[in-house]
file protein20.txt (compact mmCIF, C-alpha atoms and all ligand atoms)
# COMPACT_ATOMS: atom_id res chain seq x y z
CA SER S 1 -95.63 165.60 43.60
CA VAL S 2 -93.09 162.90 42.78
CA ASP S 3 -89.53 163.72 43.48
CA LEU S 4 -87.28 161.44 41.48
CA GLU S 5 -83.73 161.85 40.39
CA PHE S 6 -82.29 159.93 37.50
CA ARG S 7 -78.56 160.03 37.86
CA GLY S 8 -77.48 156.43 38.28
CA ARG S 9 -76.26 154.09 35.59
CA THR S 10 -78.52 153.22 32.69
CA ARG S 11 -80.96 150.51 33.71
CA VAL S 12 -81.58 148.03 30.92
CA ILE S 13 -84.83 146.16 31.50
CA THR S 14 -86.24 143.46 29.26
CA ILE S 15 -89.98 142.82 29.33
CA SER S 16 -90.68 139.20 28.64
CA ASN S 17 -93.15 136.35 29.01
CA GLN S 18 -93.35 133.66 26.38
CA LYS S 19 -97.12 133.87 26.50
CA GLY S 20 -98.70 136.27 24.05
CA GLY S 21 -101.33 138.82 25.00
CA VAL S 22 -100.33 139.24 28.66
CA GLY S 23 -99.50 142.94 28.39
CA LYS S 24 -95.78 142.96 27.54
CA THR S 25 -95.98 145.65 24.89
CA THR S 26 -98.60 147.68 26.73
CA THR S 27 -96.47 147.64 29.86
CA THR S 28 -93.29 148.50 27.96
CA VAL S 29 -94.64 151.57 26.18
CA ASN S 30 -96.70 152.91 29.07
CA VAL S 31 -93.98 152.51 31.68
CA ALA S 32 -91.55 154.10 29.20
CA SER S 33 -93.83 157.05 28.53
CA ALA S 34 -94.57 157.47 32.24
CA LEU S 35 -90.85 157.44 33.08
CA ALA S 36 -90.23 160.02 30.33
CA SER S 37 -92.99 162.23 31.74
CA LEU S 38 -91.26 162.02 35.12
CA GLY S 39 -88.09 163.43 33.56
CA ALA S 40 -86.18 160.27 32.69
CA ARG S 41 -84.61 159.72 29.27
CA VAL S 42 -85.89 156.42 27.94
CA LEU S 43 -85.17 154.22 24.93
CA VAL S 44 -87.61 151.51 23.92
CA ILE S 45 -86.13 148.75 21.77
CA ASP S 46 -88.87 146.99 19.85
CA LEU S 47 -87.72 143.41 19.44
CA ASP S 48 -91.07 141.98 18.33
CA PRO S 49 -91.55 141.60 14.55
CA GLN S 50 -95.18 142.65 15.12
CA GLY S 51 -93.90 146.15 15.85
CA ASN S 52 -96.70 146.95 18.28
CA ALA S 53 -94.45 148.99 20.55
CA SER S 54 -93.30 151.11 17.60
CA THR S 55 -96.94 151.68 16.64
CA ALA S 56 -97.96 152.67 20.16
CA LEU S 57 -95.09 155.14 20.36
CA GLY S 58 -96.18 156.77 17.09
CA VAL S 59 -92.96 155.84 15.31
CA PRO S 60 -93.00 154.90 11.58
CA HIS S 61 -91.93 151.30 11.02
CA SER S 62 -92.93 150.27 7.51
CA ALA S 63 -90.69 147.82 5.67
CA GLU S 64 -88.28 150.45 4.28
CA VAL S 65 -87.58 152.09 7.66
CA PRO S 66 -84.15 151.22 9.13
CA SER S 67 -84.85 149.02 12.12
CA VAL S 68 -83.55 146.67 14.78
CA TYR S 69 -83.22 144.11 11.98
CA ASP S 70 -80.43 146.18 10.39
CA VAL S 71 -78.71 146.47 13.78
CA LEU S 72 -78.82 142.73 14.47
CA ILE S 73 -78.03 141.42 11.00
CA ASP S 74 -76.08 144.17 9.22
CA GLU S 75 -74.42 145.77 12.25
CA PHE S 76 -75.96 149.21 11.74
CA PRO S 77 -75.21 151.47 14.72
CA LEU S 78 -78.29 151.90 16.94
CA ALA S 79 -77.90 155.67 16.54
CA ASP S 80 -78.78 155.27 12.84
CA ILE S 81 -82.19 153.71 13.50
CA ILE S 82 -83.39 155.42 16.68
CA GLN S 83 -86.38 157.73 16.32
CA THR S 84 -87.94 160.14 18.80
CA SER S 85 -91.55 159.49 19.77
CA PRO S 86 -93.87 162.45 19.09
CA GLU S 87 -94.98 161.98 22.70
CA SER S 88 -91.84 163.37 24.29
CA PRO S 89 -88.31 164.41 23.34
CA ASN S 90 -87.22 162.14 26.22
CA LEU S 91 -88.82 159.08 24.66
CA LEU S 92 -86.80 157.25 22.00
CA CYS S 93 -87.64 154.14 20.02
CA ALA S 94 -85.56 151.67 18.04
CA PRO S 95 -88.35 150.40 15.77
CA SER S 96 -89.06 146.90 14.57
CA THR S 97 -90.13 146.12 11.02
CA ILE S 98 -91.54 143.00 9.44
CA HIS S 99 -87.98 142.04 8.39
CA LEU S 100 -87.32 141.14 12.02
CA ALA S 101 -89.48 138.05 11.53
CA GLY S 102 -86.62 136.59 9.46
CA ALA S 103 -83.92 137.58 11.92
CA GLU S 104 -84.67 134.67 14.25
CA ILE S 105 -83.50 132.28 11.51
CA GLU S 106 -80.80 134.51 10.01
CA LEU S 107 -79.14 134.99 13.38
CA VAL S 108 -78.52 131.25 13.76
CA SER S 109 -75.58 131.32 11.35
CA GLN S 110 -74.12 134.63 12.56
CA VAL S 111 -71.00 135.15 14.65
CA ALA S 112 -71.71 136.23 18.25
CA ARG S 113 -75.37 135.71 17.55
CA GLU S 114 -76.45 136.06 21.20
CA HIS S 115 -74.44 139.25 21.78
CA ARG S 116 -75.46 141.37 18.82
CA LEU S 117 -77.93 143.58 20.66
CA LYS S 118 -75.69 143.89 23.72
CA THR S 119 -72.74 145.06 21.61
CA ALA S 120 -74.88 147.54 19.67
CA LEU S 121 -76.37 148.95 22.87
CA GLU S 122 -72.98 149.28 24.60
CA ASP S 123 -71.55 151.07 21.57
CA TYR S 124 -74.54 153.41 21.54
CA LEU S 125 -74.36 154.16 25.28
CA ASP S 126 -70.62 154.84 24.95
CA SER S 127 -71.03 157.16 22.00
CA THR S 128 -74.13 159.19 22.76
CA GLU S 129 -73.79 162.60 24.40
CA GLU S 130 -77.16 162.46 26.10
CA ARG S 131 -77.14 159.67 28.61
CA LEU S 132 -80.12 157.35 28.98
CA ASP S 133 -81.75 156.52 32.29
CA PHE S 134 -83.71 153.50 31.07
CA VAL S 135 -83.66 151.11 28.15
CA LEU S 136 -86.81 148.97 27.92
CA ILE S 137 -86.75 146.01 25.53
CA ASP S 138 -90.08 144.64 24.33
CA CYS S 139 -89.73 140.93 23.53
CA PRO S 140 -91.68 138.63 21.22
CA PRO S 141 -93.69 135.82 22.84
CA SER S 142 -91.02 133.15 22.48
CA LEU S 143 -87.67 132.19 23.95
CA GLY S 144 -85.78 132.26 20.65
CA LEU S 145 -82.66 134.17 19.63
CA LEU S 146 -84.34 137.58 19.68
CA THR S 147 -85.32 137.10 23.31
CA ILE S 148 -81.88 135.65 24.09
CA ASN S 149 -80.35 138.83 22.63
CA ALA S 150 -82.55 140.87 24.96
CA PHE S 151 -81.62 138.72 27.98
CA THR S 152 -77.94 139.08 27.13
CA ALA S 153 -78.17 142.88 26.73
CA ALA S 154 -80.20 143.58 29.89
CA GLN S 155 -79.54 143.49 33.61
CA GLU S 156 -83.17 143.23 34.62
CA LEU S 157 -86.16 141.13 33.65
CA MET S 158 -89.67 142.44 34.10
CA ILE S 159 -92.47 139.90 33.73
CA PRO S 160 -96.03 141.07 33.13
CA ILE S 161 -98.53 138.56 34.45
CA GLN S 162 -102.13 138.68 33.33
CA CYS S 163 -104.56 138.00 36.15
CA GLU S 164 -106.28 135.14 34.32
CA TYR S 165 -106.45 131.36 34.24
CA TYR S 166 -103.07 129.70 33.67
CA ALA S 167 -101.25 132.92 34.64
CA LEU S 168 -98.33 131.01 36.15
CA GLU S 169 -98.16 128.41 33.41
CA GLY S 170 -94.85 128.56 31.59
CA LEU S 171 -93.20 130.74 34.22
CA SER S 172 -90.90 127.96 35.39
CA GLN S 173 -89.68 127.54 31.81
CA LEU S 174 -89.04 131.29 31.60
CA LEU S 175 -87.14 131.27 34.90
CA GLY S 176 -85.18 128.25 33.68
CA SER S 177 -84.08 130.27 30.66
CA VAL S 178 -83.06 133.11 32.97
CA ARG S 179 -80.81 130.71 34.91
CA MET S 180 -79.26 129.45 31.65
CA ILE S 181 -78.53 133.02 30.59
CA GLN S 182 -77.04 133.83 34.01
CA LYS S 183 -74.80 130.81 33.80
CA HIS S 184 -73.60 131.07 30.22
CA LEU S 185 -74.12 134.57 28.83
CA ASN S 186 -74.95 137.26 31.38
CA PRO S 187 -74.25 136.69 35.10
CA SER S 188 -75.87 139.97 36.19
CA PHE S 189 -79.23 139.21 34.56
CA HIS S 190 -81.98 138.81 37.15
CA LEU S 191 -85.73 138.97 37.67
CA SER S 192 -86.29 142.41 39.17
CA THR S 193 -89.97 143.12 38.63
CA ILE S 194 -93.31 141.41 38.23
CA VAL S 195 -96.30 143.51 37.26
CA LEU S 196 -99.87 142.27 37.46
CA THR S 197 -101.81 143.40 34.39
CA MET S 198 -105.41 143.56 33.21
CA TYR S 199 -106.60 143.20 36.78
CA ASP S 200 -110.33 143.12 37.35
CA GLY S 201 -110.82 143.37 41.11
CA ARG S 202 -114.48 142.40 40.81
CA THR S 203 -113.61 138.82 39.96
CA ARG S 204 -112.46 136.33 42.55
CA LEU S 205 -110.20 134.76 39.95
CA ALA S 206 -108.14 137.94 39.52
CA GLN S 207 -107.81 138.27 43.30
CA GLN S 208 -106.73 134.65 43.59
CA VAL S 209 -104.14 134.97 40.84
CA ALA S 210 -102.74 138.15 42.39
CA GLU S 211 -102.51 136.43 45.78
CA GLU S 212 -100.83 133.39 44.30
CA VAL S 213 -98.25 135.50 42.48
CA ARG S 214 -97.49 137.50 45.64
CA THR S 215 -97.09 134.31 47.67
CA HIS S 216 -94.82 132.82 45.04
CA PHE S 217 -92.62 135.85 44.42
CA GLY S 218 -93.29 138.59 46.97
CA ASN S 219 -90.36 140.95 46.74
CA GLU S 220 -90.37 141.30 42.97
CA VAL S 221 -94.09 142.06 42.62
CA LEU S 222 -95.00 145.74 42.28
CA ASP S 223 -97.57 147.00 44.79
CA THR S 224 -99.23 148.79 41.89
CA VAL S 225 -101.63 146.63 39.89
CA ILE S 226 -102.66 147.60 36.36
CA PRO S 227 -106.46 147.52 36.00
CA ARG S 228 -108.23 146.30 32.91
CA SER S 229 -109.30 149.49 31.18
CA VAL S 230 -110.77 150.22 27.77
CA ARG S 231 -108.68 153.39 27.45
CA VAL S 232 -105.50 151.31 27.66
CA SER S 233 -106.59 149.10 24.76
CA GLU S 234 -107.84 152.06 22.65
CA ALA S 235 -104.65 154.11 22.86
CA PRO S 236 -102.48 152.15 20.35
CA SER S 237 -104.98 152.67 17.52
CA PHE S 238 -104.24 156.40 17.90
CA GLY S 239 -100.50 155.74 17.83
CA GLN S 240 -100.28 156.75 21.47
CA THR S 241 -99.64 155.38 24.91
CA VAL S 242 -102.46 155.75 27.40
CA ILE S 243 -100.31 158.32 29.21
CA ALA S 244 -100.72 160.66 26.22
CA TYR S 245 -104.12 159.43 25.07
CA ASP S 246 -105.96 159.85 28.38
CA GLY S 247 -103.62 160.81 31.18
CA GLN S 248 -106.39 160.90 33.78
CA SER S 249 -107.72 157.41 33.08
CA ALA S 250 -107.29 154.63 35.61
CA GLY S 251 -104.83 152.85 33.33
CA ALA S 252 -102.63 155.92 32.91
CA ILE S 253 -102.63 156.61 36.64
CA ALA S 254 -101.68 152.99 37.38
CA TYR S 255 -98.87 152.96 34.82
CA ARG S 256 -97.49 156.22 36.25
CA GLU S 257 -97.55 154.71 39.75
CA ALA S 258 -95.84 151.59 38.43
CA ALA S 259 -93.14 153.75 36.83
CA VAL S 260 -92.54 155.63 40.09
CA GLU S 261 -92.25 152.32 41.94
CA ILE S 262 -89.81 150.94 39.38
CA ALA S 263 -87.69 154.09 39.62
CA ARG S 264 -87.73 154.14 43.44
CA ARG S 265 -87.01 150.44 43.96
CA GLY S 266 -83.94 150.46 41.78
CA PRO S 267 -82.61 147.37 40.03
CA ASN S 268 -83.57 145.02 42.91
CA GLU S 269 -80.43 142.93 42.64
CA PRO S 270 -80.61 139.54 44.33
CA THR S 271 -78.70 139.36 47.60
CA ASN S 272 -77.82 135.72 47.04
CA GLU S 273 -77.68 133.29 44.15
CA GLY S 274 -80.79 132.60 42.11
CA THR S 275 -83.61 134.51 40.54
CA SER S 276 -86.23 134.56 43.25
P1 LIG S 301 -98.31 141.18 24.59
O1 LIG S 301 -97.33 142.21 24.17
O2 LIG S 301 -97.89 140.42 25.82
O3 LIG S 301 -98.69 140.26 23.48
P2 LIG S 301 -100.21 143.35 24.67
O4 LIG S 301 -99.55 144.39 25.49
O5 LIG S 301 -100.16 143.53 23.19
O6 LIG S 301 -99.66 141.91 25.05
O7 LIG S 301 -101.70 143.23 25.17
C1 LIG S 301 -102.61 142.27 24.60
C2 LIG S 301 -103.97 142.93 24.38
O8 LIG S 301 -104.53 143.30 25.63
C3 LIG S 301 -103.88 144.20 23.55
O9 LIG S 301 -105.01 144.28 22.73
C4 LIG S 301 -103.92 145.30 24.60
O10 LIG S 301 -104.48 146.52 24.09
C5 LIG S 301 -104.81 144.70 25.66
N1 LIG S 301 -104.47 145.20 26.99
C6 LIG S 301 -103.26 145.19 27.61
N2 LIG S 301 -103.33 145.72 28.83
C7 LIG S 301 -104.62 146.10 29.02
C8 LIG S 301 -105.34 146.71 30.10
N3 LIG S 301 -104.73 147.06 31.25
N4 LIG S 301 -106.66 146.94 29.93
C9 LIG S 301 -107.29 146.58 28.77
N5 LIG S 301 -106.67 146.01 27.74
C10 LIG S 301 -105.36 145.75 27.84
MG MG S 302 -96.29 142.42 22.35

call {"tool": "encode", "arguments": {"input": "protein20.txt", "output": "structure tokens", "more": "lines below"}}
Ligand code: ADP
Ligand code: MG
result
Amino acid sequence: SVDLEFRGRTRVITISNQKGGVGKTTTTVNVASALASLGARVLVIDLDPQGNASTALGVPHSAEVPSVYDVLIDEFPLADIIQTSPESPNLLCAPSTIHLAGAEIELVSQVAREHRLKTALEDYLDSTEERLDFVLIDCPPSLGLLTINAFTAAQELMIPIQCEYYALEGLSQLLGSVRMIQKHLNPSFHLSTIVLTMYDGRTRLAQQVAEEVRTHFGNEVLDTVIPRSVRVSEAPSFGQTVIAYDGQSAGAIAYREAAVEIARRGPNEPTNEGTS
């Protein structure tokens, strides 16, 4: 029933919010899986040492597995670490391992430390036969060098916002970092998408937060809202996204709708200077 074509350039989207637990990883893997189920070819880059995205995509990521760490620190080609998720042949994952926890520090003394991921991704996109439609980068909850690598490699920023108290706290700091990146490292980087997560429409608070975010941002906010749903939180313990775990659940339906919206809206480039 959805008629989407994926023929444009590869869209590189980083999913970030320096707050933990707002739904970054959940949004990354479920949007990725939904896009793959719609026929897109998608690579998830797991840039969080926790490796939750790798887990949810059913991809092995124990300490001895070649990972994003080897790409960033030892200049392994991305092709050497990418695995295919059991969920779909269209769904690829560059896994994170625990070693990535040290990369934040190790990167400090490296040459071109902010550009390592960008260079690896460009080399991969140039060399691979099968083109990618989307690259989604799952960030750790900080604005350190791993996140800066993601911001330098991507064109788009997607911010998940949890419909809870203090939802907007810290956002101005995040947007400040975006402006710094635009100015010094990556002029085409921009906020393209905000997605409201863990929404419970029965509470006035959630409604108020959603309203506030829409007033503040408007154009970037997806119409689709992701409901709080037990199925969404259960799925990772089965090494699955909710799309595969329970495709008919409210969470899966919402993430599919979000994916369609993201695909249809395109990269949402700003018409003038600035990020909002
Ligand atoms: P982050 O990556 O920002 O730290 P996660 O995606 O790991 O956040 O989500 C934090 C917690 O909330 C996880 O336990 C996850 O399963 C749960 N969660 C995320 N989205 C939902 C949702 N829509 N409904 C219920 N639980 C959710
Ligand atoms: Mg996470």

call {"tool": "closest_atom_pairs", "arguments": {"input": "protein20.txt", "of": "chain S", "to": "ligand LIG 301 (chain S)", "cutoff": "6 Å", "atoms": "all atoms listed in the file", "output": "CSV"}}
result
residue,atom,partner,partner_atom,distance
S:Gly20,CA,S:LIG301,O3,4.0
S:Gly21,CA,S:LIG301,O3,3.4
S:Val22,CA,S:LIG301,O2,3.9
S:Gly23,CA,S:LIG301,O4,3.2
S:Lys24,CA,S:LIG301,O2,3.7
S:Thr25,CA,S:LIG301,O1,3.8
S:Thr26,CA,S:LIG301,O4,3.6
S:Thr197,CA,S:LIG301,N3,5.6
S:Met198,CA,S:LIG301,N3,4.1
S:Ile226,CA,S:LIG301,N3,5.5
S:Pro227,CA,S:LIG301,N3,5.1
S:Arg228,CA,S:LIG301,N4,3.4
S:Ser229,CA,S:LIG301,N4,3.9
S:Val230,CA,S:LIG301,C9,5.1
S:Val232,CA,S:LIG301,N4,5.1
S:Ser233,CA,S:LIG301,O10,3.4

call {"tool": "residues_near_ligand", "arguments": {"input": "protein20.txt", "ligand": "ligand MG 302 (chain S)", "cutoff": "10 Å", "atoms": "all atoms listed in the file", "output": "MDAnalysis selection string"}}
result
chainID S and resid 15:17 19:28 46:53 138:141

call {"tool": "residues_around", "arguments": {"input": "protein20.txt", "residues": "segment 247-259 of chain S", "least_positions_apart": "3", "cutoff": "9 Å", "atoms": "all atoms listed in the file", "output": "PyMOL selection string"}}
result
chain S and resi 27+30-35+37-38+195+222-232+241-244+262-264

call {"tool": "closest_residue", "arguments": {"input": "protein20.txt", "among": "S:Val71, S:Phe151, S:Leu143, S:Gln18", "to": "Gly170 of chain S", "atoms": "only C-alpha atoms"}}
result
S:Gln18

call {"tool": "residues_around", "arguments": {"input": "protein20.txt", "residues": "Val213 of chain S", "least_positions_apart": "2", "cutoff": "12 Å", "atoms": "all atoms listed in the file", "output": "PyMOL selection string"}}
result
chain S and resi 159-164+166-169+171+193-197+206-211+215-223+225

call {"tool": "atom_distance", "arguments": {"input": "protein20.txt", "atom1": "atom CA of Phe238 of chain S", "atom2": "atom CA of His61 of chain S"}}
result
15.0 Å

call {"tool": "closest_residue", "arguments": {"input": "protein20.txt", "among": "S:Ser62, S:Asn186, S:Ser172, S:Thr128", "to": "Ala154 of chain S", "atoms": "all atoms listed in the file"}}
result
S:Asn186

call {"tool": "closest_residue", "arguments": {"input": "protein20.txt", "among": "S:Leu132, S:Leu57, S:Leu157, S:Ile45", "to": "Val29 of chain S", "atoms": "all atoms listed in the file"}}
result
S:Leu57

call {"tool": "axis_aligned_box", "arguments": {"input": "protein20.txt", "around": "segment 64-72 of chain S", "padding_each_side": "5 Å", "output": "lines of an AutoDock Vina configuration file"}}
result
center_x = -83.5
center_y = 147.4
center_z = 9.5
size_x = 19.6
size_y = 19.4
size_z = 20.5

call {"tool": "residues_around", "arguments": {"input": "protein20.txt", "residues": "Ile148 of chain S", "least_positions_apart": "6", "cutoff": "9 Å", "atoms": "only C-alpha atoms", "output": "compact mmCIF listing (two decimals) with C-alpha atoms, in the coordinates of the input"}}
result
# COMPACT_ATOMS: atom_id res chain seq x y z
CA GLU S 114 -76.45 136.06 21.20
CA HIS S 115 -74.44 139.25 21.78
CA SER S 177 -84.08 130.27 30.66
CA ILE S 181 -78.53 133.02 30.59

call {"tool": "build_atoms", "arguments": {"input": "protein20.txt", "residues": "segment 143-167 of chain S", "atoms": "N, CA and C atoms", "output": "tab-separated table (two decimals), in the coordinates of the input"}}
result
chain	number	residue	atom	x	y	z
S	143	LEU	N	-88.98	132.16	23.30
S	143	LEU	CA	-87.67	132.19	23.95
S	143	LEU	C	-86.58	131.91	22.93
S	144	GLY	N	-86.75	132.45	21.73
S	144	GLY	CA	-85.78	132.26	20.65
S	144	GLY	C	-84.62	133.25	20.73
S	145	LEU	N	-83.89	133.37	19.62
S	145	LEU	CA	-82.66	134.17	19.63
S	145	LEU	C	-82.91	135.67	19.83
S	146	LEU	N	-84.06	136.16	19.43
S	146	LEU	CA	-84.34	137.58	19.68
S	146	LEU	C	-84.44	137.82	21.18
S	147	THR	N	-85.19	136.96	21.85
S	147	THR	CA	-85.32	137.10	23.31
S	147	THR	C	-83.98	136.86	24.00
S	148	ILE	N	-83.20	135.90	23.51
S	148	ILE	CA	-81.88	135.65	24.09
S	148	ILE	C	-80.98	136.88	23.93
S	149	ASN	N	-81.08	137.57	22.80
S	149	ASN	CA	-80.35	138.83	22.63
S	149	ASN	C	-80.77	139.87	23.68
S	150	ALA	N	-82.06	139.93	23.94
S	150	ALA	CA	-82.55	140.87	24.96
S	150	ALA	C	-82.02	140.50	26.34
S	151	PHE	N	-82.07	139.19	26.67
S	151	PHE	CA	-81.62	138.72	27.98
S	151	PHE	C	-80.10	138.94	28.16
S	152	THR	N	-79.38	138.90	27.06
S	152	THR	CA	-77.94	139.08	27.13
S	152	THR	C	-77.58	140.57	27.27
S	153	ALA	N	-78.44	141.43	26.70
S	153	ALA	CA	-78.17	142.88	26.73
S	153	ALA	C	-78.62	143.55	28.02
S	154	ALA	N	-79.56	142.93	28.75
S	154	ALA	CA	-80.20	143.58	29.89
S	154	ALA	C	-79.57	143.17	31.22
S	155	GLN	N	-79.84	143.96	32.26
S	155	GLN	CA	-79.54	143.49	33.61
S	155	GLN	C	-80.80	142.95	34.29
S	156	GLU	N	-81.94	143.53	33.90
S	156	GLU	CA	-83.17	143.23	34.62
S	156	GLU	C	-84.21	142.60	33.71
S	157	LEU	N	-84.99	141.71	34.32
S	157	LEU	CA	-86.16	141.13	33.65
S	157	LEU	C	-87.42	141.62	34.36
S	158	MET	N	-88.36	142.12	33.57
S	158	MET	CA	-89.67	142.44	34.10
S	158	MET	C	-90.68	141.53	33.44
S	159	ILE	N	-91.47	140.82	34.26
S	159	ILE	CA	-92.47	139.90	33.73
S	159	ILE	C	-93.87	140.46	33.99
S	160	PRO	N	-94.62	140.74	32.93
S	160	PRO	CA	-96.03	141.07	33.13
S	160	PRO	C	-96.82	139.78	33.27
S	161	ILE	N	-97.68	139.73	34.26
S	161	ILE	CA	-98.53	138.56	34.45
S	161	ILE	C	-99.99	139.00	34.39
S	162	GLN	N	-100.72	138.36	33.49
S	162	GLN	CA	-102.13	138.68	33.33
S	162	GLN	C	-102.93	137.91	34.39
S	163	CYS	N	-103.80	138.62	35.07
S	163	CYS	CA	-104.56	138.00	36.15
S	163	CYS	C	-105.69	137.17	35.58
S	164	GLU	N	-105.34	136.01	35.03
S	164	GLU	CA	-106.28	135.14	34.32
S	164	GLU	C	-105.93	133.69	34.63
S	165	TYR	N	-106.78	132.78	34.15
S	165	TYR	CA	-106.45	131.36	34.24
S	165	TYR	C	-105.07	131.09	33.65
S	166	TYR	N	-104.37	130.13	34.20
S	166	TYR	CA	-103.07	129.70	33.67
S	166	TYR	C	-102.01	130.80	33.72
S	167	ALA	N	-102.18	131.79	34.59
S	167	ALA	CA	-101.25	132.92	34.64
S	167	ALA	C	-99.82	132.45	34.89
